[in-house]
Amino acid sequence: MLDVPLLIGGQSCPARDGRTFERCNPVTGEVVSRVAAATLEDADAAVAAAQAAFPGWAAMLPGERRARLLEAGAPLQARSGEFIAAAGETGAMANWYGFNVQLAANMLREAASMTTQITGDVIPSNVPGNFAMALRQPCGVVLGIAPWNAPVILATRAIAMPLACGNTVVLKASELSPAVHRLIGQVLQDAGLGDGVVNVISNAPADAPAIVERLIANPAVRRVNFTGSTHVGRIVGELSARYLKPALLELGGKAPFLVLDDADLDAAVEAAAFGAYFNQGQICLSTERLIVDHKVADAFVAKLTAKIETLRAGNPDDSESVLGSLVDVGAGTRIKGLIDDAVALGARLVTGGQLQGSILQPTLLDGVTDAMRLYREESFGPVAVVLRGDGDEALLRLANDSDFGLSSAIFSRDTSRALALAQRVESGICHINGATVHDEAQMPFGGVKSSGYGSFGGKASIEHFTQLRWVTLQNGPRHYPI
């Protein structure tokens, strides 16, 4: 069992009232981590520590900030085993956590490269002798709220670019992966960023609403970033607006995967299976809607079914398990309800659907209509549905008939045809002849519609984590009207 203290001002500490909560393995029920349950005063202390560290971190030369962020990448990767040891918090496979660590280390390196790319402009002024500039400067304390499903990637993303831009950070850990999020903070602390530059607090699940509002309301918090469900994202967005804090929100998805009539079906099947079922479909980018031209639909479904039947969900410790477990039993019950609703209304269960505790076998349904909850609701599980259409325009209409707009994919041998469609798909991300699940540290990552607003990743996030200021220098006399 892992003991998980708070990280405030460079020090490991318990909650002020000594309270803790436990996170259990969803498959075995065993306690994986015993976690400090922060009080409101702990939240205040974390922000105060970040605020105290801000002047020194913001004033640091960009080359020094770059060196410190680069220094953190290697030890993060070196501690991969510790992150994998905490995978029991979510029931994920070791290979998923290993990939998380690799990409997170790259995010730190990419952020390091951005410290000298925070530029401004010289703007022509109509005032004689006036030299006008637009400067980007650090904001102050940034609050990052990260989820459990890709815990190393998404928590590191919540921290890395804010640091590169000269801000300090308070990370609110997920209640479902607190040990992983706390370990990220420790890696950065051990790498020598400085006391208070990164602070990590954890809270009991029931305390989350009060802790989040306390953090957002704190005057020292100047920016908020949140990755998670659309439901919670709306709450964070509303709170941020109430306290006049700009927020970057990366929320849910229901990614469409378009298969045109000239697609390479074998390549499409491999990408669809990975995109829909890897990590039990618990990725915001996961493929949920397979939108297939009638001409090739039967052949595609047959090939995909054969592929799915080689994939097995189970206890990650089982050598035959490929997909791991859902995050908890409740997730399985919820997703099974979506499947049962679709079948009751006439959908055909092609394969999968067996649920045992938190283990749900990969599932494919055909004949899904807009009368079924699965047509619109995000399953966030190992479930994909087949929607059929005649021609590219019909496929595009189905793709855009969603409240979500994060990732999408199009398969076609005619790349010009696919690119023309890609520009009309309502999503922040579109991959041609590739899976919907794809992330790189330097790429702009964000959605539209109910998938949120703003973009993480490299240069795209600089505008979110800096304050644009207008500064002038008057050379020579200036005429005033009075």
# chains A, B, ... in the order shown; residues from 1 in each chain; ligands from 1
>>> residues_around(residues="A:Cys139", least_positions_apart="2", cutoff="8 Å", atoms="only C-alpha atoms", output="PyMOL selection string")
chain A and resi 137+141-142+166-167+222-223+465-467
>>> write_last_selection(atoms="N, CA, C and O atoms", output="PDB file, in the first residue's frame")
ATOM      1  N   GLN A 137       3.703  37.914 -20.586  1.00  0.00           N
ATOM      2  CA  GLN A 137       4.378  37.737 -19.305  1.00  0.00           C
ATOM      3  C   GLN A 137       3.658  36.677 -18.475  1.00  0.00           C
ATOM      4  O   GLN A 137       2.482  36.380 -18.724  1.00  0.00           O
ATOM      5  N   VAL A 141      -0.191  32.176 -10.309  1.00  0.00           N
ATOM      6  CA  VAL A 141      -0.450  30.792  -9.935  1.00  0.00           C
ATOM      7  C   VAL A 141      -1.468  30.190 -10.907  1.00  0.00           C
ATOM      8  O   VAL A 141      -2.518  30.777 -11.164  1.00  0.00           O
ATOM      9  N   VAL A 142      -1.157  29.014 -11.425  1.00  0.00           N
ATOM     10  CA  VAL A 142      -2.060  28.279 -12.318  1.00  0.00           C
ATOM     11  C   VAL A 142      -2.578  27.056 -11.578  1.00  0.00           C
ATOM     12  O   VAL A 142      -1.801  26.300 -10.978  1.00  0.00           O
ATOM     13  N   GLY A 166       6.540  30.568 -17.019  1.00  0.00           N
ATOM     14  CA  GLY A 166       6.969  31.353 -15.869  1.00  0.00           C
ATOM     15  C   GLY A 166       5.996  31.372 -14.713  1.00  0.00           C
ATOM     16  O   GLY A 166       6.186  32.126 -13.756  1.00  0.00           O
ATOM     17  N   ASN A 167       4.936  30.540 -14.773  1.00  0.00           N
ATOM     18  CA  ASN A 167       3.975  30.467 -13.686  1.00  0.00           C
ATOM     19  C   ASN A 167       4.365  29.385 -12.687  1.00  0.00           C
ATOM     20  O   ASN A 167       5.172  28.504 -12.989  1.00  0.00           O
ATOM     21  N   ARG A 222      -4.630  32.665 -11.062  1.00  0.00           N
ATOM     22  CA  ARG A 222      -4.912  33.535 -12.208  1.00  0.00           C
ATOM     23  C   ARG A 222      -5.386  32.780 -13.449  1.00  0.00           C
ATOM     24  O   ARG A 222      -5.958  33.392 -14.352  1.00  0.00           O
ATOM     25  N   ARG A 223      -5.101  31.489 -13.511  1.00  0.00           N
ATOM     26  CA  ARG A 223      -5.530  30.680 -14.655  1.00  0.00           C
ATOM     27  C   ARG A 223      -5.948  29.301 -14.143  1.00  0.00           C
ATOM     28  O   ARG A 223      -5.419  28.813 -13.139  1.00  0.00           O
ATOM     29  N   PHE A 465      -1.474  30.601 -20.949  1.00  0.00           N
ATOM     30  CA  PHE A 465      -0.718  30.637 -19.709  1.00  0.00           C
ATOM     31  C   PHE A 465       0.202  31.849 -19.614  1.00  0.00           C
ATOM     32  O   PHE A 465       1.148  31.861 -18.818  1.00  0.00           O
ATOM     33  N   THR A 466      -0.066  32.877 -20.416  1.00  0.00           N
ATOM     34  CA  THR A 466       0.621  34.154 -20.290  1.00  0.00           C
ATOM     35  C   THR A 466      -0.405  35.274 -20.340  1.00  0.00           C
ATOM     36  O   THR A 466      -1.521  35.101 -20.832  1.00  0.00           O
ATOM     37  N   GLN A 467      -0.014  36.424 -19.827  1.00  0.00           N
ATOM     38  CA  GLN A 467      -0.855  37.614 -19.893  1.00  0.00           C
ATOM     39  C   GLN A 467      -0.287  38.535 -20.968  1.00  0.00           C
ATOM     40  O   GLN A 467       0.889  38.896 -20.925  1.00  0.00           O
TER      41      GLN A 467
END
>>> select_by_dssp(residues="stretch 61-155 of chain A", states="helix (DSSP H, G or I)", output="compact mmCIF listing (two decimals) with N, CA, C and O atoms, in the first residue's frame")
# COMPACT_ATOMS: atom_id res chain seq x y z
N PRO A 62 15.10 32.42 -19.14
CA PRO A 62 14.46 31.31 -19.85
C PRO A 62 15.37 30.10 -20.01
O PRO A 62 14.90 28.96 -19.98
N GLY A 63 16.66 30.34 -20.16
CA GLY A 63 17.58 29.22 -20.29
C GLY A 63 17.65 28.38 -19.04
O GLY A 63 17.79 27.16 -19.09
N GLU A 64 17.55 29.02 -17.87
CA GLU A 64 17.57 28.29 -16.61
C GLU A 64 16.27 27.51 -16.42
O GLU A 64 16.29 26.35 -15.96
N ARG A 65 15.13 28.14 -16.74
CA ARG A 65 13.86 27.39 -16.65
C ARG A 65 13.89 26.19 -17.59
O ARG A 65 13.42 25.10 -17.25
N ARG A 66 14.44 26.40 -18.78
CA ARG A 66 14.55 25.30 -19.74
C ARG A 66 15.41 24.17 -19.18
O ARG A 66 15.04 23.00 -19.25
N ALA A 67 16.53 24.52 -18.58
CA ALA A 67 17.43 23.49 -18.04
C ALA A 67 16.75 22.69 -16.94
O ALA A 67 16.89 21.46 -16.86
N ARG A 68 15.98 23.35 -16.09
CA ARG A 68 15.33 22.65 -14.99
C ARG A 68 14.22 21.73 -15.49
O ARG A 68 14.04 20.62 -14.96
N LEU A 69 13.47 22.18 -16.49
CA LEU A 69 12.42 21.32 -17.05
C LEU A 69 13.03 20.13 -17.79
O LEU A 69 12.52 19.01 -17.70
N LEU A 70 14.11 20.38 -18.50
CA LEU A 70 14.79 19.27 -19.18
C LEU A 70 15.33 18.26 -18.17
O LEU A 70 15.27 17.05 -18.39
N GLU A 71 15.80 18.77 -17.06
CA GLU A 71 16.38 17.91 -16.03
C GLU A 71 15.33 16.95 -15.46
O GLU A 71 15.66 15.86 -14.99
N ALA A 72 14.06 17.34 -15.54
CA ALA A 72 13.01 16.51 -14.96
C ALA A 72 12.58 15.36 -15.87
O ALA A 72 12.00 14.38 -15.38
N GLY A 73 12.84 15.46 -17.17
CA GLY A 73 12.36 14.43 -18.09
C GLY A 73 12.96 13.07 -17.84
O GLY A 73 12.25 12.05 -17.78
N ALA A 74 14.28 13.01 -17.67
CA ALA A 74 14.96 11.72 -17.49
C ALA A 74 14.55 11.02 -16.20
O ALA A 74 14.23 9.83 -16.21
N PRO A 75 14.51 11.71 -15.04
CA PRO A 75 14.08 11.01 -13.84
C PRO A 75 12.62 10.57 -13.87
O PRO A 75 12.27 9.56 -13.25
N LEU A 76 11.79 11.29 -14.60
CA LEU A 76 10.41 10.83 -14.75
C LEU A 76 10.39 9.47 -15.43
O LEU A 76 9.72 8.53 -14.96
N GLN A 77 11.14 9.35 -16.53
CA GLN A 77 11.21 8.06 -17.22
C GLN A 77 11.89 7.01 -16.35
O GLN A 77 11.48 5.84 -16.35
N ALA A 78 12.90 7.40 -15.60
CA ALA A 78 13.64 6.45 -14.78
C ALA A 78 12.75 5.85 -13.69
O ALA A 78 13.02 4.74 -13.21
N SER A 80 9.65 5.01 -14.05
CA SER A 80 8.50 4.37 -14.71
C SER A 80 7.95 3.22 -13.87
O SER A 80 6.73 3.04 -13.78
N GLY A 81 8.85 2.44 -13.25
CA GLY A 81 8.40 1.31 -12.45
C GLY A 81 7.51 1.73 -11.29
O GLY A 81 6.57 1.01 -10.94
N GLU A 82 7.80 2.89 -10.70
CA GLU A 82 6.97 3.37 -9.59
C GLU A 82 5.58 3.76 -10.07
O GLU A 82 4.58 3.54 -9.37
N PHE A 83 5.52 4.37 -11.25
CA PHE A 83 4.22 4.72 -11.81
C PHE A 83 3.42 3.46 -12.12
O PHE A 83 2.23 3.37 -11.82
N ILE A 84 4.07 2.49 -12.72
CA ILE A 84 3.39 1.24 -13.07
C ILE A 84 2.91 0.52 -11.81
O ILE A 84 1.83 -0.08 -11.79
N ALA A 85 3.69 0.61 -10.73
CA ALA A 85 3.29 -0.02 -9.48
C ALA A 85 2.01 0.57 -8.92
O ALA A 85 1.30 -0.09 -8.15
N ALA A 87 -0.50 1.50 -10.86
CA ALA A 87 -1.56 1.31 -11.85
C ALA A 87 -2.77 0.61 -11.27
O ALA A 87 -3.87 0.70 -11.83
N GLY A 88 -2.58 -0.08 -10.14
CA GLY A 88 -3.71 -0.73 -9.49
C GLY A 88 -4.80 0.22 -9.06
O GLY A 88 -5.95 -0.19 -8.83
N GLU A 89 -4.49 1.52 -8.95
CA GLU A 89 -5.51 2.50 -8.58
C GLU A 89 -6.65 2.53 -9.60
O GLU A 89 -7.80 2.77 -9.25
N ALA A 94 -0.07 -2.31 -17.58
CA ALA A 94 1.26 -1.72 -17.40
C ALA A 94 1.72 -1.00 -18.66
O ALA A 94 2.37 0.05 -18.57
N ASN A 95 1.36 -1.53 -19.85
CA ASN A 95 1.83 -0.87 -21.07
C ASN A 95 1.20 0.51 -21.25
O ASN A 95 1.80 1.41 -21.83
N TRP A 96 -0.02 0.69 -20.74
CA TRP A 96 -0.65 1.99 -20.82
C TRP A 96 0.07 3.00 -19.93
O TRP A 96 0.36 4.12 -20.33
N TYR A 97 0.42 2.59 -18.71
CA TYR A 97 1.13 3.48 -17.82
C TYR A 97 2.55 3.74 -18.34
O TYR A 97 3.08 4.86 -18.21
N GLY A 98 3.17 2.74 -18.93
CA GLY A 98 4.49 2.94 -19.51
C GLY A 98 4.46 3.96 -20.62
O GLY A 98 5.34 4.84 -20.71
N PHE A 99 3.44 3.88 -21.49
CA PHE A 99 3.29 4.88 -22.55
C PHE A 99 3.03 6.25 -21.95
O PHE A 99 3.57 7.27 -22.44
N ASN A 100 2.22 6.31 -20.89
CA ASN A 100 1.96 7.58 -20.22
C ASN A 100 3.25 8.25 -19.78
O ASN A 100 3.45 9.45 -19.99
N VAL A 101 4.13 7.49 -19.17
CA VAL A 101 5.38 8.05 -18.67
C VAL A 101 6.24 8.58 -19.82
O VAL A 101 6.82 9.67 -19.74
N GLN A 102 6.30 7.82 -20.90
CA GLN A 102 7.12 8.24 -22.05
C GLN A 102 6.62 9.56 -22.63
O GLN A 102 7.40 10.48 -22.89
N LEU A 103 5.30 9.66 -22.85
CA LEU A 103 4.76 10.88 -23.43
C LEU A 103 4.87 12.04 -22.45
O LEU A 103 5.17 13.18 -22.85
N ALA A 104 4.68 11.79 -21.17
CA ALA A 104 4.80 12.85 -20.18
C ALA A 104 6.22 13.42 -20.14
O ALA A 104 6.41 14.64 -20.02
N ALA A 105 7.21 12.55 -20.23
CA ALA A 105 8.60 13.03 -20.27
C ALA A 105 8.81 13.91 -21.50
O ALA A 105 9.50 14.94 -21.43
N ASN A 106 8.23 13.52 -22.62
CA ASN A 106 8.33 14.34 -23.83
C ASN A 106 7.63 15.68 -23.66
O ASN A 106 8.06 16.70 -24.22
N MET A 107 6.55 15.70 -22.90
CA MET A 107 5.85 16.97 -22.64
C MET A 107 6.74 17.92 -21.85
O MET A 107 6.75 19.13 -22.11
N LEU A 108 7.49 17.40 -20.89
CA LEU A 108 8.42 18.24 -20.16
C LEU A 108 9.51 18.78 -21.07
O LEU A 108 9.89 19.97 -20.98
N ARG A 109 10.01 17.93 -21.96
CA ARG A 109 11.07 18.37 -22.88
C ARG A 109 10.53 19.39 -23.88
O ARG A 109 11.22 20.39 -24.20
N GLU A 110 9.33 19.17 -24.37
CA GLU A 110 8.73 20.13 -25.29
C GLU A 110 8.48 21.46 -24.59
O GLU A 110 8.75 22.53 -25.15
N ALA A 111 7.99 21.41 -23.36
CA ALA A 111 7.78 22.64 -22.61
C ALA A 111 9.10 23.38 -22.40
O ALA A 111 9.16 24.61 -22.50
N ALA A 112 10.16 22.62 -22.13
CA ALA A 112 11.47 23.24 -21.96
C ALA A 112 11.87 24.02 -23.21
O ALA A 112 12.43 25.12 -23.12
N SER A 113 11.57 23.47 -24.37
CA SER A 113 11.95 24.14 -25.63
C SER A 113 11.14 25.41 -25.87
O SER A 113 11.52 26.24 -26.69
N MET A 114 10.02 25.56 -25.16
CA MET A 114 9.14 26.71 -25.37
C MET A 114 9.54 27.94 -24.57
O MET A 114 9.02 29.03 -24.78
N PRO A 151 -3.27 9.22 -16.40
CA PRO A 151 -2.91 10.06 -15.26
C PRO A 151 -1.56 10.74 -15.35
O PRO A 151 -1.42 11.87 -14.88
N VAL A 152 -0.57 10.08 -15.94
CA VAL A 152 0.75 10.72 -16.01
C VAL A 152 0.77 11.77 -17.11
O VAL A 152 1.26 12.89 -16.92
N ILE A 153 0.19 11.43 -18.25
CA ILE A 153 0.15 12.37 -19.38
C ILE A 153 -0.61 13.64 -18.98
O ILE A 153 -0.11 14.77 -19.15
N LEU A 154 -1.82 13.46 -18.48
CA LEU A 154 -2.71 14.61 -18.33
C LEU A 154 -2.35 15.48 -17.13
O LEU A 154 -2.56 16.70 -17.17
N ALA A 155 -1.78 14.89 -16.08
CA ALA A 155 -1.32 15.72 -14.98
C ALA A 155 -0.05 16.48 -15.36
O ALA A 155 0.11 17.65 -15.01
>>> closest_residue(among="A:Gly324, A:Pro477, A:Gly9, A:Gly18", to="A:Val170", atoms="only C-alpha atoms")
A:Gly9
>>> residues_around(residues="stretch 367-384 of chain A", least_positions_apart="5", cutoff="7 Å", atoms="only C-alpha atoms", output="list in words")
Gly253, Lys254, Ala276, Tyr277, Gln280, Gly281, Gln282, Ile283, Thr287, Glu288, Arg289, Leu290, Ile335, Leu338, Asp341, Ala342, Leu345, Ala347, Arg348, Pro362 and Ser402 of chain A
>>> residues_around(residues="A:Ala48", least_positions_apart="4", cutoff="8 Å", atoms="only C-alpha atoms", output="PyMOL selection string")
chain A and resi 44+52+220
>>> write_last_selection(atoms="N, CA, C and O atoms", output="compact mmCIF listing (two decimals), in the first residue's frame")
# COMPACT_ATOMS: atom_id res chain seq x y z
N ASP A 44 -5.67 26.50 0.70
CA ASP A 44 -5.13 27.86 0.82
C ASP A 44 -3.61 27.84 0.94
O ASP A 44 -2.91 28.67 0.33
N ALA A 52 4.19 32.39 -3.21
CA ALA A 52 5.49 32.79 -2.66
C ALA A 52 6.63 32.42 -3.61
O ALA A 52 7.65 33.14 -3.69
N ALA A 220 -5.04 34.64 -5.74
CA ALA A 220 -3.71 34.40 -6.32
C ALA A 220 -3.77 33.47 -7.52
O ALA A 220 -2.82 33.45 -8.32
>>> atom_distance(atom1="atom CA of A:Asp195", atom2="atom CA of A:Arg79")
20.7 Å
>>> residues_around(residues="A:Pro147", least_positions_apart="4", cutoff="10 Å", atoms="only C-alpha atoms", output="NGL selection string")
:A and (151-155 or 172-178 or 181 or 226-229)
>>> write_last_selection(atoms="N, CA and C atoms", output="CSV table (one decimal), in the first residue's frame")
chain,number,residue,atom,x,y,z
A,151,PRO,N,-3.3,9.2,-16.4
A,151,PRO,CA,-2.9,10.1,-15.3
A,151,PRO,C,-1.6,10.7,-15.3
A,152,VAL,N,-0.6,10.1,-15.9
A,152,VAL,CA,0.8,10.7,-16.0
A,152,VAL,C,0.8,11.8,-17.1
A,153,ILE,N,0.2,11.4,-18.2
A,153,ILE,CA,0.1,12.4,-19.4
A,153,ILE,C,-0.6,13.6,-19.0
A,154,LEU,N,-1.8,13.5,-18.5
A,154,LEU,CA,-2.7,14.6,-18.3
A,154,LEU,C,-2.4,15.5,-17.1
A,155,ALA,N,-1.8,14.9,-16.1
A,155,ALA,CA,-1.3,15.7,-15.0
A,155,ALA,C,-0.1,16.5,-15.4
A,172,LYS,N,-4.4,19.8,-8.5
A,172,LYS,CA,-5.4,19.0,-7.7
A,172,LYS,C,-5.5,17.6,-8.3
A,173,ALA,N,-5.0,16.7,-7.5
A,173,ALA,CA,-5.0,15.3,-7.9
A,173,ALA,C,-6.4,14.7,-8.1
A,174,SER,N,-6.5,13.7,-9.0
A,174,SER,CA,-7.7,13.0,-9.1
A,174,SER,C,-7.9,12.1,-7.9
A,175,GLU,N,-9.1,11.9,-7.4
A,175,GLU,CA,-9.4,11.0,-6.3
A,175,GLU,C,-9.2,9.6,-6.7
A,176,LEU,N,-9.1,9.3,-8.0
A,176,LEU,CA,-9.0,7.9,-8.5
A,176,LEU,C,-7.6,7.5,-8.8
A,177,SER,N,-6.7,8.5,-8.9
A,177,SER,CA,-5.2,8.2,-9.2
A,177,SER,C,-4.3,9.1,-8.4
A,178,PRO,N,-4.6,9.2,-7.1
A,178,PRO,CA,-3.8,10.2,-6.3
A,178,PRO,C,-2.3,9.9,-6.2
A,181,HIS,N,-0.5,11.1,-9.3
A,181,HIS,CA,-0.3,12.5,-9.4
A,181,HIS,C,0.6,13.1,-8.4
A,226,PHE,N,-8.4,22.4,-16.9
A,226,PHE,CA,-9.2,21.2,-16.5
A,226,PHE,C,-9.3,20.2,-17.6
A,227,THR,N,-9.0,19.0,-17.3
A,227,THR,CA,-9.3,17.9,-18.3
A,227,THR,C,-10.2,16.9,-17.5
A,228,GLY,N,-11.3,16.5,-18.2
A,228,GLY,CA,-12.2,15.6,-17.6
A,228,GLY,C,-13.5,15.6,-18.3
A,229,SER,N,-14.6,15.2,-17.6
A,229,SER,CA,-15.9,15.0,-18.2
A,229,SER,C,-16.5,16.4,-18.6
>>> select_by_dssp(residues="stretch 141-175 of chain A", states="strand (DSSP E or B)", output="number ranges by chain")
A: 141-145, 168-172
